[in-house]
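A.B. asks: Just one file: model_3.cif, with mmCIF, C-alpha atoms.
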data_upload
loop_
_atom_site.label_atom_id
_atom_site.label_comp_id
_atom_site.auth_asym_id
_atom_site.auth_seq_id
_atom_site.Cartn_x
_atom_site.Cartn_y
_atom_site.Cartn_z
CA MET H 256 0.00 0.00 0.00
CA GLU H 257 1.19 3.48 -0.86
CA LEU H 258 0.43 6.27 1.55
CA TYR H 259 0.79 9.93 0.57
CA LEU H 260 0.82 12.56 3.30
CA ILE H 261 -0.04 15.95 1.85
CA ARG H 262 0.21 19.12 3.87
CA HIS H 263 -2.39 21.85 3.31
CA GLY H 264 -1.39 24.91 1.28
CA ILE H 265 -0.56 28.39 2.59
CA ALA H 266 -3.42 29.59 4.81
CA VAL H 267 -4.56 32.92 6.24
CA GLU H 268 -2.54 33.84 9.33
CA ARG H 269 -3.65 32.99 12.83
CA GLY H 270 -5.58 35.71 14.67
CA ILE H 271 -7.88 36.81 11.85
CA TYR H 272 -10.38 34.01 12.39
CA ASP H 273 -11.69 33.17 15.85
CA GLU H 274 -11.16 29.48 15.33
CA ASP H 275 -7.92 28.03 13.98
CA ARG H 276 -9.97 25.38 12.19
CA ASP H 277 -11.73 28.03 10.08
CA ARG H 278 -8.62 29.54 8.49
CA PRO H 279 -8.91 29.18 4.69
CA LEU H 280 -6.15 29.03 2.09
CA THR H 281 -4.90 32.38 0.78
CA ASP H 282 -5.16 33.15 -2.94
CA LYS H 283 -1.47 32.28 -3.29
CA GLY H 284 -2.09 29.11 -1.29
CA ILE H 285 -4.88 28.09 -3.64
CA ALA H 286 -2.84 28.84 -6.78
CA ARG H 287 0.24 26.98 -5.57
CA THR H 288 -1.76 23.99 -4.37
CA GLN H 289 -3.50 23.85 -7.76
CA GLN H 290 -0.10 23.83 -9.48
CA VAL H 291 1.13 21.01 -7.25
CA ALA H 292 -2.07 19.00 -7.87
CA GLN H 293 -1.72 19.54 -11.62
CA ARG H 294 1.87 18.34 -11.49
CA LEU H 295 0.94 15.20 -9.54
CA GLN H 296 -1.78 14.53 -12.07
CA THR H 297 0.75 14.87 -14.92
CA LEU H 298 2.92 12.30 -13.14
CA GLY H 299 0.02 9.87 -13.48
CA LEU H 300 -0.73 9.73 -9.77
CA GLN H 301 -4.21 8.47 -8.86
CA PHE H 302 -5.49 8.06 -5.33
CA ASP H 303 -8.04 5.38 -4.54
CA TRP H 304 -9.04 7.43 -1.54
CA ILE H 305 -8.43 10.93 -0.29
CA LEU H 306 -8.98 11.41 3.39
CA THR H 307 -8.80 14.91 4.86
CA SER H 308 -8.70 16.68 8.17
CA PRO H 309 -11.96 18.64 8.66
CA PHE H 310 -10.03 21.90 9.13
CA CYS H 311 -10.87 24.40 6.39
CA ARG H 312 -7.33 24.75 4.97
CA ALA H 313 -7.00 20.96 4.69
CA SER H 314 -10.40 20.26 3.17
CA GLN H 315 -9.86 23.05 0.64
CA THR H 316 -6.55 21.44 -0.28
CA ALA H 317 -8.23 18.03 -0.64
CA GLN H 318 -10.92 19.58 -2.82
CA ILE H 319 -8.22 20.97 -5.12
CA LEU H 320 -6.74 17.45 -5.46
CA ILE H 321 -10.18 16.13 -6.45
CA GLU H 322 -10.69 18.96 -8.95
CA ALA H 323 -7.32 18.13 -10.54
CA GLY H 324 -8.55 14.60 -11.16
CA LEU H 325 -6.30 12.92 -8.61
CA GLY H 326 -9.13 10.93 -7.06
CA GLU H 327 -12.87 10.55 -6.83
CA THR H 328 -13.44 9.48 -3.25
CA LEU H 329 -13.05 12.16 -0.60
CA GLU H 330 -13.79 11.60 3.04
CA THR H 331 -13.31 13.73 6.13
CA SER H 332 -11.91 12.31 9.34
CA GLU H 333 -11.36 13.88 12.75
CA LEU H 334 -8.51 11.42 13.18
CA LEU H 335 -6.44 13.69 10.92
CA GLU H 336 -6.93 16.88 12.93
CA PRO H 337 -3.78 18.63 14.20
CA ASP H 338 -1.89 16.90 17.02
CA ARG H 339 -3.68 13.58 16.61
CA PRO H 340 -1.46 10.54 17.18
CA ILE H 341 -1.12 7.96 14.40
CA GLU H 342 -2.36 4.92 16.35
CA PRO H 343 -6.13 5.63 16.21
CA TRP H 344 -5.85 6.17 12.48
CA LEU H 345 -3.92 2.90 12.06
CA ASN H 346 -6.64 1.15 14.04
CA TRP H 347 -9.21 2.65 11.72
CA LEU H 348 -7.17 1.46 8.73
CA SER H 349 -6.73 -2.06 10.10
CA ALA H 350 -10.49 -2.42 10.38
CA TRP H 351 -10.68 -2.58 6.57
CA PRO H 352 -10.41 -5.96 4.83
CA PRO H 353 -6.73 -6.32 3.85
CA ALA H 354 -7.60 -7.21 0.25
CA GLN H 355 -9.21 -3.80 -0.06
CA ILE H 356 -6.23 -1.77 1.14
CA GLN H 357 -3.35 -4.02 0.04
CA ASP H 358 -2.62 -2.38 -3.31
CA CYS H 359 -4.38 0.85 -2.52
CA ARG H 360 -3.05 4.38 -3.00
CA LEU H 361 -4.27 6.49 -0.16
CA ALA H 362 -3.76 10.24 0.31
CA LEU H 363 -4.13 11.94 3.68
CA VAL H 364 -4.47 15.71 3.72
CA GLY H 365 -3.59 17.40 6.97
CA HIS H 366 -1.12 19.24 9.12
CA GLU H 367 2.32 19.63 10.55
CA PRO H 368 3.83 18.50 12.83
CA ASN H 369 1.55 15.47 12.41
CA TRP H 370 2.78 14.44 9.00
CA GLY H 371 6.45 14.62 9.94
CA ASP H 372 5.73 12.72 13.15
CA TRP H 373 3.58 10.10 11.45
CA ALA H 374 6.12 9.60 8.66
CA GLU H 375 8.93 9.19 11.18
CA GLN H 376 6.90 6.68 13.16
CA LEU H 377 6.15 4.70 10.00
CA ILE H 378 9.80 4.70 8.89
CA PHE H 379 11.65 4.51 12.20
CA GLY H 380 9.07 3.69 14.84
CA GLU H 381 9.69 6.92 16.73
CA ILE H 382 9.35 10.69 16.51
CA ARG H 383 12.48 12.84 16.17
CA GLY H 384 11.15 15.96 14.46
CA HIS H 385 13.76 15.65 11.71
CA LEU H 386 11.58 15.68 8.60
CA SER H 387 10.76 19.03 7.09
CA ILE H 388 7.43 19.16 5.20
CA LYS H 389 6.49 22.43 3.52
CA LYS H 390 2.97 23.68 2.90
CA ALA H 391 1.45 21.86 -0.11
CA GLY H 392 4.39 19.46 0.19
CA ILE H 393 4.07 15.71 -0.18
CA VAL H 394 5.54 12.64 1.46
CA GLY H 395 5.33 9.22 -0.23
CA LEU H 396 5.52 6.07 1.89
CA SER H 397 5.30 2.42 1.03
CA LEU H 398 3.65 0.38 3.76
CA PRO H 399 4.53 -3.31 4.08
CA PRO H 400 1.89 -5.83 3.03
CA PHE H 401 -0.73 -6.17 5.69
CA GLU H 402 -0.04 -9.74 6.67
CA LEU H 403 -2.89 -11.75 8.01
CA LEU H 404 -1.59 -13.05 11.28
CA SER H 405 -5.11 -13.52 12.47
CA TRP H 406 -7.21 -10.73 11.14
CA PRO H 407 -7.70 -8.01 12.41
CA GLU H 408 -4.21 -8.52 13.83
CA VAL H 409 -1.74 -7.27 11.25
CA ARG H 410 1.99 -6.73 11.19
CA SER H 411 2.34 -3.11 12.17
CA PRO H 412 3.57 -0.63 9.55
CA LEU H 413 5.23 1.34 12.38
CA GLY H 414 8.99 1.23 11.90
CA THR H 415 8.65 -0.99 8.82
CA SER H 416 7.56 1.45 6.10
CA GLN H 417 9.70 2.80 3.30
CA LEU H 418 10.09 6.50 2.41
CA PHE H 419 10.31 7.17 -1.33
CA TRP H 420 9.28 10.83 -1.71
CA LEU H 421 9.67 13.97 0.34
CA ALA H 422 9.11 17.05 -1.75
CA PRO H 423 8.17 20.70 -1.22
CA PRO H 424 6.21 22.53 -3.94
CA ARG H 425 9.46 24.13 -5.12
CA LEU H 426 10.76 20.75 -6.26
CA LEU H 427 7.52 19.90 -8.03
CA LEU H 428 6.85 23.10 -9.96
CA MET Q 113 25.26 23.40 6.00
CA GLU Q 114 23.24 21.74 3.28
CA LEU Q 115 24.28 18.30 2.14
CA TYR Q 116 22.94 16.77 -1.07
CA LEU Q 117 23.42 13.05 -1.65
CA ILE Q 118 23.09 12.26 -5.34
CA ARG Q 119 23.03 8.71 -6.61
CA HIS Q 120 24.72 7.93 -9.92
CA GLY Q 121 22.55 7.44 -13.03
CA ILE Q 122 21.63 4.16 -14.71
CA ALA Q 123 24.83 2.23 -15.48
CA VAL Q 124 25.78 -0.72 -17.70
CA GLU Q 125 24.85 -4.03 -16.06
CA ARG Q 126 27.25 -6.02 -13.96
CA GLY Q 127 29.19 -8.76 -15.79
CA ILE Q 128 30.12 -6.83 -18.92
CA TYR Q 129 33.10 -5.10 -17.33
CA ASP Q 130 35.67 -7.05 -15.31
CA GLU Q 131 35.65 -4.48 -12.55
CA ASP Q 132 32.47 -3.12 -11.01
CA ARG Q 133 34.19 0.26 -10.62
CA ASP Q 134 34.59 0.57 -14.40
CA ARG Q 135 30.90 0.32 -15.32
CA PRO Q 136 29.90 3.54 -17.16
CA LEU Q 137 26.47 5.15 -17.46
CA THR Q 138 24.27 3.89 -20.29
CA ASP Q 139 23.05 6.33 -22.94
CA LYS Q 140 19.70 6.48 -21.16
CA GLY Q 141 21.53 6.97 -17.87
CA ILE Q 142 23.46 9.91 -19.32
CA ALA Q 143 20.34 11.52 -20.84
CA ARG Q 144 18.27 11.18 -17.66
CA THR Q 145 21.07 12.43 -15.44
CA GLN Q 146 21.49 15.43 -17.71
CA GLN Q 147 17.76 16.18 -17.44
CA VAL Q 148 17.92 15.96 -13.64
CA ALA Q 149 21.00 18.22 -13.56
CA GLN Q 150 19.27 20.72 -15.84
CA ARG Q 151 16.23 20.74 -13.57
CA LEU Q 152 18.32 21.31 -10.45
CA GLN Q 153 20.04 24.16 -12.23
CA THR Q 154 16.66 25.69 -13.12
CA LEU Q 155 15.76 25.50 -9.43
CA GLY Q 156 18.73 27.76 -8.77
CA LEU Q 157 20.76 25.15 -6.94
CA GLN Q 158 24.49 25.83 -6.72
CA PHE Q 159 26.99 23.58 -4.96
CA ASP Q 160 30.09 25.06 -3.38
CA TRP Q 161 31.70 21.67 -3.73
CA ILE Q 162 30.94 18.46 -5.56
CA LEU Q 163 32.67 15.40 -4.16
CA THR Q 164 32.39 12.11 -6.01
CA SER Q 165 33.17 8.45 -5.59
CA PRO Q 166 35.97 7.46 -7.99
CA PHE Q 167 33.78 4.75 -9.58
CA CYS Q 168 33.16 5.49 -13.27
CA ARG Q 169 29.33 5.75 -13.03
CA ALA Q 170 29.62 8.21 -10.15
CA SER Q 171 32.33 10.42 -11.60
CA GLN Q 172 30.44 10.58 -14.93
CA THR Q 173 27.35 11.69 -12.98
CA ALA Q 174 29.38 14.33 -11.14
CA GLN Q 175 30.82 15.55 -14.44
CA ILE Q 176 27.27 16.00 -15.77
CA LEU Q 177 26.44 18.16 -12.72
CA ILE Q 178 29.47 20.33 -13.45
CA GLU Q 179 28.55 20.63 -17.14
CA ALA Q 180 25.04 21.76 -16.15
CA GLY Q 181 26.59 24.61 -14.18
CA LEU Q 182 25.71 23.27 -10.74
CA GLY Q 183 29.20 23.80 -9.38
CA GLU Q 184 32.79 24.53 -10.28
CA THR Q 185 34.77 22.52 -7.79
CA LEU Q 186 34.86 18.76 -8.30
CA GLU Q 187 36.93 16.41 -6.19
CA THR Q 188 37.19 12.65 -6.04
CA SER Q 189 37.29 10.78 -2.76
CA GLU Q 190 37.70 7.10 -1.97
CA LEU Q 191 35.68 7.75 1.18
CA LEU Q 192 32.59 7.76 -1.05
CA GLU Q 193 33.17 4.33 -2.60
CA PRO Q 194 30.40 1.73 -2.17
CA ASP Q 195 29.96 0.27 1.32
CA ARG Q 196 32.07 2.92 3.04
CA PRO Q 197 30.76 3.97 6.45
CA ILE Q 198 29.93 7.61 7.09
CA GLU Q 199 32.31 8.19 10.02
CA PRO Q 200 35.60 8.52 8.08
CA TRP Q 201 33.94 11.04 5.80
CA LEU Q 202 32.60 13.01 8.77
CA ASN Q 203 36.10 13.03 10.23
CA TRP Q 204 37.38 14.38 6.93
CA LEU Q 205 34.67 17.05 7.01
CA SER Q 206 35.35 18.05 10.60
CA ALA Q 207 38.99 18.73 9.69
CA TRP Q 208 37.84 21.81 7.74
CA PRO Q 209 37.58 25.15 9.50
CA PRO Q 210 33.91 25.50 10.55
CA ALA Q 211 33.59 28.95 9.01
CA GLN Q 212 34.35 27.41 5.64
CA ILE Q 213 31.69 24.70 5.78
CA GLN Q 214 29.06 26.42 7.93
CA ASP Q 215 26.91 27.88 5.16
CA CYS Q 216 28.25 25.61 2.47
CA ARG Q 217 26.21 23.58 -0.04
CA LEU Q 218 27.96 20.31 -0.59
CA ALA Q 219 26.99 17.58 -3.05
CA LEU Q 220 28.22 14.00 -2.70
CA VAL Q 221 27.88 11.73 -5.72
CA GLY Q 222 27.91 8.02 -5.00
CA HIS Q 223 26.07 4.81 -4.40
CA GLU Q 224 23.35 2.87 -2.72
CA PRO Q 225 22.96 1.52 -0.13
CA ASN Q 226 25.46 4.09 1.20
CA TRP Q 227 23.32 7.15 0.61
CA GLY Q 228 20.23 5.66 2.25
CA ASP Q 229 22.35 4.48 5.17
CA TRP Q 230 24.20 7.77 5.54
CA ALA Q 231 20.97 9.77 5.33
CA GLU Q 232 19.34 7.59 7.99
CA GLN Q 233 22.36 7.96 10.26
CA LEU Q 234 22.29 11.73 9.84
CA ILE Q 235 18.55 11.96 10.53
CA PHE Q 236 18.03 9.18 13.06
CA GLY Q 237 21.47 8.10 14.20
CA GLU Q 238 21.01 4.56 12.94
CA ILE Q 239 20.56 2.50 9.78
CA ARG Q 240 17.19 0.89 9.06
CA GLY Q 241 17.25 0.54 5.27
CA HIS Q 242 13.94 2.40 4.99
CA LEU Q 243 14.86 5.17 2.55
CA SER Q 244 14.48 4.42 -1.13
CA ILE Q 245 16.83 6.39 -3.40
CA LYS Q 246 16.53 5.83 -7.14
CA LYS Q 247 19.34 6.18 -9.67
CA ALA Q 248 19.99 9.87 -10.39
CA GLY Q 249 17.81 10.59 -7.37
CA ILE Q 250 18.64 13.23 -4.78
CA VAL Q 251 18.41 13.58 -1.01
CA GLY Q 252 18.62 17.00 0.66
CA LEU Q 253 19.75 17.27 4.27
CA SER Q 254 20.31 20.19 6.55
CA LEU Q 255 23.15 19.62 9.00
CA PRO Q 256 23.09 21.48 12.30
CA PRO Q 257 25.59 24.30 12.79
CA PHE Q 258 29.02 22.92 13.53
CA GLU Q 259 29.37 24.19 17.04
CA LEU Q 260 32.81 24.90 18.33
CA LEU Q 261 32.96 22.91 21.51
CA SER Q 262 36.67 22.90 21.30
CA TRP Q 263 37.62 22.62 17.70
CA PRO Q 264 38.13 20.09 16.07
CA GLU Q 265 35.49 18.66 18.40
CA VAL Q 266 32.09 19.48 16.95
CA ARG Q 267 28.56 18.57 17.79
CA SER Q 268 27.95 15.51 15.65
CA PRO Q 269 25.43 15.79 12.80
CA LEU Q 270 24.55 12.10 13.36
CA GLY Q 271 20.95 11.89 14.52
CA THR Q 272 20.58 15.67 14.49
CA SER Q 273 20.18 16.49 10.78
CA GLN Q 274 16.99 17.45 8.99
CA LEU Q 275 15.66 15.80 5.81
CA PHE Q 276 14.02 18.25 3.40
CA TRP Q 277 14.19 16.47 0.00
CA LEU Q 278 13.99 12.91 -1.19
CA ALA Q 279 13.22 12.74 -4.88
CA PRO Q 280 13.63 10.26 -7.72
CA PRO Q 281 14.16 11.59 -11.28
CA ARG Q 282 10.47 10.94 -11.98
CA LEU Q 283 9.47 13.62 -9.53
CA LEU Q 284 11.96 16.11 -10.94
CA LEU Q 285 11.34 15.77 -14.67
#
Would you encode the structure as structure tokens?

C.D. replies:
Amino acid sequence: MELYLIRHGIAVERGIYDEDRDRPLTDKGIARTQQVAQRLQTLGLQFDWILTSPFCRASQTAQILIEAGLGETLETSELLEPDRPIEPWLNWLSAWPPAQIQDCRLALVGHEPNWGDWAEQLIFGEIRGHLSIKKAGIVGLSLPPFELLSWPEVRSPLGTSQLFWLAPPRLLL
Amino acid sequence: MELYLIRHGIAVERGIYDEDRDRPLTDKGIARTQQVAQRLQTLGLQFDWILTSPFCRASQTAQILIEAGLGETLETSELLEPDRPIEPWLNWLSAWPPAQIQDCRLALVGHEPNWGDWAEQLIFGEIRGHLSIKKAGIVGLSLPPFELLSWPEVRSPLGTSQLFWLAPPRLLL
């Protein structure tokens, strides 16, 4: 399974909106995210699923991915809100039949420092804060096959996943 | 200090040349490496130094970087040969005056699995084999400031560096 962690684009500064979750993308944020999405589409990337944090800046980013033709299925999950740990999301994932997620390309749209933390946990099994993910940047991870020990017990992807992409918009445009 | 680990391009298969070190890039390897170099040049990247493994496929790759205008200074070092550990190279690096390498952009041209191993050691302090670096691919790392504890003793960049790029040619072209 391939997992893509996509950080939301440039958003309106804190302090203008009462709630952090309501901050939308700026015009520049929208334009740059559209360019990134277009580029990913040109690369032939297709997501079987796009899952987004419910925060405005993330769901706008996910919507741009859909509009660029990168996927058809968009869902919102509170498990991707800022500062959420990875384990509840992995539990959610492991509840799916393995045949359905085995060869799946899944995109998660959300926040920092989550994505850096989650990626580090998937690759190394622990958080160090040593991955730098820019706004509208993307991380590509290959998760090991979900082995059926005795379903729903699966071999954990924590510390066993492979990193194959880490790119800011600058590298993509 | 920014450190870029660049893997050599596609080379002639093993078995055709007596010595592994003599294997040159294929025509496709040359063309693709040139495209990558051109792209990095367009991004405005400039290396203060390019250091290459003496193996033919690596030094050809380094030469292509020079021809694309990515740097002017090219040196060859046996410390970058396949399967060399990172420590002797770090010792070599720490022998330079810190002021000279502090804000330096250094490119190393060499091999896998070295680059994946070295990058993991710089980011996490240990090797897991969980970074996937394609031929003519690039890894960008930010090393912490070389602090003068009592020179030549410096704070080690092992386990304290930041990963900001990991890109195969596909993502760059």

A.B. asks: Present chain Q as a short mmCIF file (atom, residue, chain, number, x, y, z; two decimals) with C-alpha atoms, in the frame of the given file, least-squares fitted onto chain H over all of its C-alpha atoms paired in order.

C.D. replies:
data_model
loop_
_atom_site.label_atom_id
_atom_site.label_comp_id
_atom_site.auth_asym_id
_atom_site.auth_seq_id
_atom_site.Cartn_x
_atom_site.Cartn_y
_atom_site.Cartn_z
CA MET Q 113 -0.01 0.00 0.01
CA GLU Q 114 1.18 3.48 -0.87
CA LEU Q 115 0.43 6.27 1.55
CA TYR Q 116 0.81 9.92 0.56
CA LEU Q 117 0.82 12.56 3.29
CA ILE Q 118 -0.04 15.94 1.83
CA ARG Q 119 0.20 19.10 3.87
CA HIS Q 120 -2.38 21.83 3.32
CA GLY Q 121 -1.39 24.92 1.28
CA ILE Q 122 -0.56 28.38 2.60
CA ALA Q 123 -3.43 29.58 4.81
CA VAL Q 124 -4.56 32.93 6.24
CA GLU Q 125 -2.54 33.85 9.34
CA ARG Q 126 -3.66 33.02 12.83
CA GLY Q 127 -5.60 35.76 14.66
CA ILE Q 128 -7.90 36.83 11.84
CA TYR Q 129 -10.38 34.02 12.39
CA ASP Q 130 -11.69 33.19 15.87
CA GLU Q 131 -11.15 29.50 15.34
CA ASP Q 132 -7.93 28.05 13.99
CA ARG Q 133 -9.97 25.37 12.19
CA ASP Q 134 -11.72 28.03 10.09
CA ARG Q 135 -8.61 29.55 8.50
CA PRO Q 136 -8.91 29.18 4.69
CA LEU Q 137 -6.15 29.04 2.08
CA THR Q 138 -4.90 32.38 0.78
CA ASP Q 139 -5.14 33.15 -2.94
CA LYS Q 140 -1.46 32.28 -3.29
CA GLY Q 141 -2.08 29.12 -1.28
CA ILE Q 142 -4.88 28.10 -3.64
CA ALA Q 143 -2.83 28.84 -6.78
CA ARG Q 144 0.25 26.97 -5.56
CA THR Q 145 -1.76 23.99 -4.36
CA GLN Q 146 -3.48 23.84 -7.74
CA GLN Q 147 -0.09 23.83 -9.48
CA VAL Q 148 1.14 21.01 -7.24
CA ALA Q 149 -2.06 19.02 -7.86
CA GLN Q 150 -1.72 19.56 -11.61
CA ARG Q 151 1.87 18.33 -11.49
CA LEU Q 152 0.95 15.21 -9.54
CA GLN Q 153 -1.77 14.53 -12.08
CA THR Q 154 0.76 14.89 -14.92
CA LEU Q 155 2.92 12.31 -13.13
CA GLY Q 156 0.02 9.90 -13.48
CA LEU Q 157 -0.74 9.72 -9.79
CA GLN Q 158 -4.21 8.47 -8.88
CA PHE Q 159 -5.49 8.04 -5.33
CA ASP Q 160 -8.05 5.37 -4.55
CA TRP Q 161 -9.05 7.42 -1.55
CA ILE Q 162 -8.43 10.93 -0.31
CA LEU Q 163 -8.98 11.41 3.40
CA THR Q 164 -8.79 14.90 4.86
CA SER Q 165 -8.71 16.67 8.18
CA PRO Q 166 -11.96 18.63 8.66
CA PHE Q 167 -10.02 21.90 9.14
CA CYS Q 168 -10.88 24.41 6.39
CA ARG Q 169 -7.32 24.74 4.97
CA ALA Q 170 -7.01 20.97 4.70
CA SER Q 171 -10.41 20.25 3.18
CA GLN Q 172 -9.87 23.06 0.63
CA THR Q 173 -6.54 21.43 -0.28
CA ALA Q 174 -8.22 18.04 -0.63
CA GLN Q 175 -10.93 19.58 -2.81
CA ILE Q 176 -8.21 20.96 -5.11
CA LEU Q 177 -6.76 17.44 -5.46
CA ILE Q 178 -10.18 16.14 -6.45
CA GLU Q 179 -10.69 18.96 -8.96
CA ALA Q 180 -7.32 18.13 -10.54
CA GLY Q 181 -8.55 14.60 -11.15
CA LEU Q 182 -6.29 12.92 -8.61
CA GLY Q 183 -9.12 10.92 -7.07
CA GLU Q 184 -12.86 10.54 -6.85
CA THR Q 185 -13.45 9.49 -3.28
CA LEU Q 186 -13.05 12.16 -0.62
CA GLU Q 187 -13.79 11.60 3.04
CA THR Q 188 -13.31 13.74 6.12
CA SER Q 189 -11.92 12.33 9.33
CA GLU Q 190 -11.36 13.90 12.73
CA LEU Q 191 -8.51 11.43 13.19
CA LEU Q 192 -6.46 13.69 10.92
CA GLU Q 193 -6.93 16.88 12.95
CA PRO Q 194 -3.77 18.63 14.21
CA ASP Q 195 -1.88 16.91 17.03
CA ARG Q 196 -3.68 13.59 16.64
CA PRO Q 197 -1.47 10.55 17.17
CA ILE Q 198 -1.12 7.98 14.41
CA GLU Q 199 -2.38 4.94 16.35
CA PRO Q 200 -6.15 5.65 16.23
CA TRP Q 201 -5.87 6.16 12.49
CA LEU Q 202 -3.94 2.91 12.07
CA ASN Q 203 -6.65 1.15 14.06
CA TRP Q 204 -9.23 2.64 11.72
CA LEU Q 205 -7.18 1.43 8.75
CA SER Q 206 -6.72 -2.07 10.12
CA ALA Q 207 -10.50 -2.43 10.39
CA TRP Q 208 -10.68 -2.60 6.58
CA PRO Q 209 -10.41 -5.96 4.84
CA PRO Q 210 -6.73 -6.33 3.84
CA ALA Q 211 -7.59 -7.19 0.25
CA GLN Q 212 -9.20 -3.78 -0.08
CA ILE Q 213 -6.23 -1.76 1.15
CA GLN Q 214 -3.36 -4.01 0.03
CA ASP Q 215 -2.62 -2.38 -3.32
CA CYS Q 216 -4.39 0.85 -2.52
CA ARG Q 217 -3.04 4.38 -3.00
CA LEU Q 218 -4.27 6.50 -0.15
CA ALA Q 219 -3.76 10.23 0.31
CA LEU Q 220 -4.13 11.93 3.69
CA VAL Q 221 -4.48 15.71 3.72
CA GLY Q 222 -3.59 17.41 6.98
CA HIS Q 223 -1.12 19.24 9.12
CA GLU Q 224 2.31 19.61 10.55
CA PRO Q 225 3.82 18.51 12.83
CA ASN Q 226 1.54 15.47 12.43
CA TRP Q 227 2.75 14.43 9.01
CA GLY Q 228 6.43 14.63 9.94
CA ASP Q 229 5.72 12.72 13.14
CA TRP Q 230 3.57 10.09 11.45
CA ALA Q 231 6.11 9.61 8.66
CA GLU Q 232 8.93 9.18 11.18
CA GLN Q 233 6.89 6.66 13.16
CA LEU Q 234 6.14 4.70 10.00
CA ILE Q 235 9.78 4.69 8.87
CA PHE Q 236 11.64 4.53 12.18
CA GLY Q 237 9.07 3.70 14.82
CA GLU Q 238 9.67 6.91 16.73
CA ILE Q 239 9.34 10.69 16.48
CA ARG Q 240 12.47 12.83 16.16
CA GLY Q 241 11.14 15.95 14.44
CA HIS Q 242 13.76 15.62 11.69
CA LEU Q 243 11.56 15.65 8.59
CA SER Q 244 10.75 19.01 7.08
CA ILE Q 245 7.44 19.15 5.19
CA LYS Q 246 6.50 22.43 3.53
CA LYS Q 247 2.96 23.66 2.91
CA ALA Q 248 1.46 21.85 -0.09
CA GLY Q 249 4.40 19.47 0.18
CA ILE Q 250 4.08 15.71 -0.19
CA VAL Q 251 5.56 12.63 1.46
CA GLY Q 252 5.35 9.21 -0.22
CA LEU Q 253 5.53 6.06 1.88
CA SER Q 254 5.30 2.42 1.03
CA LEU Q 255 3.65 0.37 3.77
CA PRO Q 256 4.54 -3.30 4.06
CA PRO Q 257 1.92 -5.84 3.02
CA PHE Q 258 -0.73 -6.18 5.69
CA GLU Q 259 -0.04 -9.73 6.69
CA LEU Q 260 -2.88 -11.77 8.04
CA LEU Q 261 -1.54 -13.03 11.31
CA SER Q 262 -5.02 -13.52 12.51
CA TRP Q 263 -7.11 -10.74 11.15
CA PRO Q 264 -7.71 -8.03 12.42
CA GLU Q 265 -4.21 -8.49 13.83
CA VAL Q 266 -1.74 -7.26 11.23
CA ARG Q 267 1.96 -6.73 11.14
CA SER Q 268 2.31 -3.10 12.15
CA PRO Q 269 3.57 -0.62 9.54
CA LEU Q 270 5.23 1.35 12.38
CA GLY Q 271 8.99 1.23 11.89
CA THR Q 272 8.65 -0.99 8.82
CA SER Q 273 7.56 1.44 6.08
CA GLN Q 274 9.70 2.80 3.27
CA LEU Q 275 10.09 6.50 2.39
CA PHE Q 276 10.32 7.15 -1.35
CA TRP Q 277 9.28 10.83 -1.72
CA LEU Q 278 9.67 13.96 0.33
CA ALA Q 279 9.11 17.05 -1.77
CA PRO Q 280 8.18 20.68 -1.22
CA PRO Q 281 6.20 22.52 -3.94
CA ARG Q 282 9.46 24.12 -5.11
CA LEU Q 283 10.77 20.77 -6.23
CA LEU Q 284 7.54 19.89 -8.02
CA LEU Q 285 6.86 23.09 -9.96
#

A.B. asks: Skipping near chain neighbours, those fewer than 3 positions away, what residues fall within 6 Å of Trp201 in chain Q using only C-alpha atoms, listed as a JSON list (two decimals) with C-alpha atoms, in the frame of the given file?

C.D. replies:
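Saved result, around.json, follows:
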[["chain", "number", "residue", "atom", "x", "y", "z"],
["Q", 191, "LEU", "CA", 35.68, 7.75, 1.18],
["Q", 198, "ILE", "CA", 29.93, 7.61, 7.09],
["Q", 204, "TRP", "CA", 37.38, 14.38, 6.93]]

A.B. asks: Which residues match the PyMOL selection byres ((chain H) within 9 of (chain Q)) in the file above, as a list of chain:residue names?

C.D. replies: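 That expression, the PyMOL selection byres ((chain H) within 9 of (chain Q)), corresponds here to H:Leu295, H:Leu298, H:Ile378, H:Phe379, H:Arg383, H:Gly384, H:His385, H:Leu386, H:Ser387, H:Ile388, H:Lys389, H:Val394, H:Gly414, H:Thr415, H:Ser416, H:Gln417, H:Leu418, H:Phe419, H:Trp420, H:Leu421, H:Ala422, H:Pro423, H:Arg425, H:Leu426, H:Leu427, H:Leu428.
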
A.B. asks: Export C-alpha atoms of the chosen residues as a short mmCIF file (atom, residue, chain, number, x, y, z; two decimals), in the frame of the given file?

C.D. replies:
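Result file is result_35.cif:
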data_model
loop_
_atom_site.label_atom_id
_atom_site.label_comp_id
_atom_site.auth_asym_id
_atom_site.auth_seq_id
_atom_site.Cartn_x
_atom_site.Cartn_y
_atom_site.Cartn_z
CA LEU H 295 0.94 15.20 -9.54
CA LEU H 298 2.92 12.30 -13.14
CA ILE H 378 9.80 4.70 8.89
CA PHE H 379 11.65 4.51 12.20
CA ARG H 383 12.48 12.84 16.17
CA GLY H 384 11.15 15.96 14.46
CA HIS H 385 13.76 15.65 11.71
CA LEU H 386 11.58 15.68 8.60
CA SER H 387 10.76 19.03 7.09
CA ILE H 388 7.43 19.16 5.20
CA LYS H 389 6.49 22.43 3.52
CA VAL H 394 5.54 12.64 1.46
CA GLY H 414 8.99 1.23 11.90
CA THR H 415 8.65 -0.99 8.82
CA SER H 416 7.56 1.45 6.10
CA GLN H 417 9.70 2.80 3.30
CA LEU H 418 10.09 6.50 2.41
CA PHE H 419 10.31 7.17 -1.33
CA TRP H 420 9.28 10.83 -1.71
CA LEU H 421 9.67 13.97 0.34
CA ALA H 422 9.11 17.05 -1.75
CA PRO H 423 8.17 20.70 -1.22
CA ARG H 425 9.46 24.13 -5.12
CA LEU H 426 10.76 20.75 -6.26
CA LEU H 427 7.52 19.90 -8.03
CA LEU H 428 6.85 23.10 -9.96
#
